[in-house]
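Step one of this worksheet: look at the structure below.
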There are 2 protein chains.
Amino acid sequence: MKLDARQIETRTQELYEKLRAAGLKVTLQRLAVYRVLLQSHGHLTAEQVHQAVARDNPALSLSTVYNVLETLVKIGAIGEITTDGGTKLFDRTPGDHHHFIDTETGEVIDLDDSAGVKLDLNALARRGFAVEGAKLTVYGRRKK
Amino acid sequence: MKLDARQIETRTQELYEKLRAAGLKVTLQRLAVYRVLLQSHGHLTAEQVHQAVARDNPALSLSTVYNVLETLVKIGAIGEITTDGGTKLFDRTPGDHHHFIDTETGEVIDLDDSAGVKLDLNALARRGFAVEGAKLTVYGRRKK
DNA sequence: GTCTAATTAGGAATAATTCTTGATTGACTA
DNA sequence: TAGTCAATCAAGAATTATTCCTAATTAGAC
Ligand SMILES: [Mn+2]
Ligand SMILES: [Mn+2]
Ligand SMILES: [Zn+2]
Ligand SMILES: [Zn+2]
């Protein structure tokens with residue numbers, strides 16, 4: 001699912017705020033990398049980000065992409081997930097949320113609250129596990 | 001949680017059967033690597049397996065450890081998980097199951113059925129997702 | 001015991017990520 | 001608006017986990 005123009009605008013404003021709040025500079029490189037993620041389907045490798053960024057901005061180096069992505073993760077502007085194969089993906093959406101991975105296409109889809117995943121970890125707490133967070137990955141095929 | 005001697009014996013028999021069923025040879029290296037995992041707390045990196053194996057078997061090379069682990073995964077004798085940091089861990093227990101990761105110690109603990117995790121994915125199916133499997137990772141601290 | 005395909009040891013190759021360093025620049029100041 | 005400087009960036013080297021390659025060894029069939 002792609003974001004519409006309005007959502008991208010809102011998220012871009014948020015980036016300015018988060019950078020300022022962290023005392024970091026607003027640079028062309030940070031904006032470019034962030035926008036690539038916002039405009040994507042949601043989950044990209046560093047290399048994919050670099051390629052997409054390079055279309056408009058061929059001078060932006062891969063190590064800068066890594067640098068910027070790390071910074072954006074640190075200030076909570078984006079997220080980061082690691083798939084079973086070990087591939088690291090940068091995630092348009094920060095914060096804990098669940099994923100569906102299509103076993104045929106490899107596509108990664110966010111499962112937000114409306115997706116209807118019911119997860120109850122209360123019994124864990126009663127057994128001495130202090131739960132701080134949880135990540136679920138569902139595998140299968142998306143029909144139609 | 002470590003396995004007791006009886007469980008290790010049973011699992012070792014299973015390895016013989018799985019290797020035979022797959023038409024593969026029973027080698028000293030395969031037995032040694034498998035036993036290290038059975039005797040561990042459950043989840044080890046390839047390097048940790050190599051170090052543990054090297055105590056009794058210093059000639060067993062790291063590339064053989066990788067080879068053997070891959071074979072054991074392929075025949076379903078062990079499992080493989082990738083943590084959020086990207087670390088690949090080989091898992092004494094094959095098949096889909098959930099994990100708890102202690103955010104303080106890094107320890108990985110299996111959550112079997114008795115742990116009381118309740119997961120309901122039926123609503124997903126109604127929304128066009130054909131579920132084949134699911135992996136949950138819970139983060140937090142184990143008390144006491 | 002012989003034979004042969006499977007397996008192993010050792011090292012080279014690969015690939016993703018991180019590190020290092022000198023050049024560049026965003027943002028504050030006057 | 002220009003000066004200043006710490007923050008940031010580009011480029012490439014280094015690192016590290018994993019995979020690949022190949023000649024020597026060996027399990028298991030006969
Ligand atoms: Mn997401
Ligand atoms: Mn397990
Ligand atoms: Zn996501
Ligand atoms: Zn496990």
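Each chain in the structure tokens gets a letter, A, B and so on, in the order shown; residues start at 1 in every chain, and ligands are counted from 1 in the order they appear.
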_Nearby polymer residues, ligand 4, at most 9 Å, only C-alpha atoms (C1' of nucleotides) and all ligand atoms, as a list in words_ = Gly42, His43, Gly79, Glu80, Ile81, Leu89, Phe90, Asp91, Arg92, Thr93, Pro94, Gly95, Asp96, His97, His98, His99, Phe100, Val108, Ile109, Asp110, Leu111 and Asp112 of chain B
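Near chain B, the residues of chain D that fall inside 9 Å (using only C-alpha atoms (C1' of nucleotides)) are DT18, DA27 and DG28 of chain D.
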*Backbone-only DSSP, helix (DSSP H, G or I) members of stretch 26-132 of chain A, as number ranges by chain*: A: 28-39, 46-56, 62-74, 113-115, 122-126
*Test item: residues at most 12 Å from B:Ala77, only C-alpha atoms (C1' of nucleotides), excluding those fewer than 6 positions along its chain, as a ChimeraX atom specification*: /B:11-19,21-22,30-31,33-35,37-38,68-71,90-95
*asked:* What's around stretch 120-124 of chain A at 10 Å? Count only C-alpha atoms (C1' of nucleotides), leave out sequence neighbours fewer than 5 positions away in its own chain, and write the answer as JSON, numbers by chain.
replied: {"A": [129, 130, 131, 134], "B": [100, 111, 114, 115, 116, 117, 118, 119, 120, 138, 142]}
*Between atom C1' of D:DC9 and atom C1' of C:DT24, measure the distance and give it in Å to one decimal.*
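For atom C1' of D:DC9 relative to atom C1' of C:DT24, the distance reads 7.1 Å.
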*How far is it from atom CA of B:Thr137 to atom CA of A:Lys135, in Å with one decimal?*
5.3 Å
*Please, which residues of stretch 53-132 of chain B, numbered as in this document, come out strand (DSSP E or B) from DSSP, as a list of chain:residue names?*
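Of stretch 53-132 of chain B, the ones in strand (DSSP E or B) are B:Gly79, B:Glu80, B:Ile81, B:Thr82, B:Lys88, B:Leu89, B:Phe90, B:Asp91, B:His98, B:His99, B:Phe100, B:Ile101, B:Asp102, B:Val108, B:Ile109, B:Asp110, B:Leu111, B:Lys118, B:Leu119, B:Asp120, B:Phe129, B:Ala130, B:Val131, B:Glu132.
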*Can you work out the spacing between atom CA of A:Arg126 and atom CA of B:Asp113 in Å, to one decimal?*
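Straight-line distance from atom CA of A:Arg126 to atom CA of B:Asp113 works out to 14.8 Å.
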*For chain C, list the residues within 12 Å of chain A, counting only C-alpha atoms (C1' of nucleotides), and write the list as a PyMOL selection string.*
chain C and resi 15-19+25-28
*asked:* Let me make sure I understand: among B:Thr64, B:Thr82, B:Ala54, B:Asp102, which one has the smallest atom-to-atom distance to chain A if we use only C-alpha atoms?
replied: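 Among B:Thr64, B:Thr82, B:Ala54, B:Asp102, it is B:Thr82 that comes nearest to chain A.
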_C:DA9 surroundings by only C-alpha atoms (C1' of nucleotides), 10 Å radius, close-in-sequence under 4 positions cut, as an NGL selection string_ = (:B and (59-64)) or (:D and (23-25))
*Out of A:Gly23, A:Pro58, A:Gly140, A:Gly76, which residue has the shortest atom-to-atom distance to chain B when counting only C-alpha atoms?*
A:Gly140
*Between B:Gly106, B:Glu9, B:Gly85, B:Val65, single out the one closest to chain A, counting only C-alpha atoms.*
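That would be B:Gly85, the residue with the smallest distance to chain A.
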*Could you pull the residues within 12 Å of C:DA12, counting only C-alpha atoms (C1' of nucleotides), minus those fewer than 3 positions along the same chain, as a PyMOL selection string?*
chain D and resi 19-22
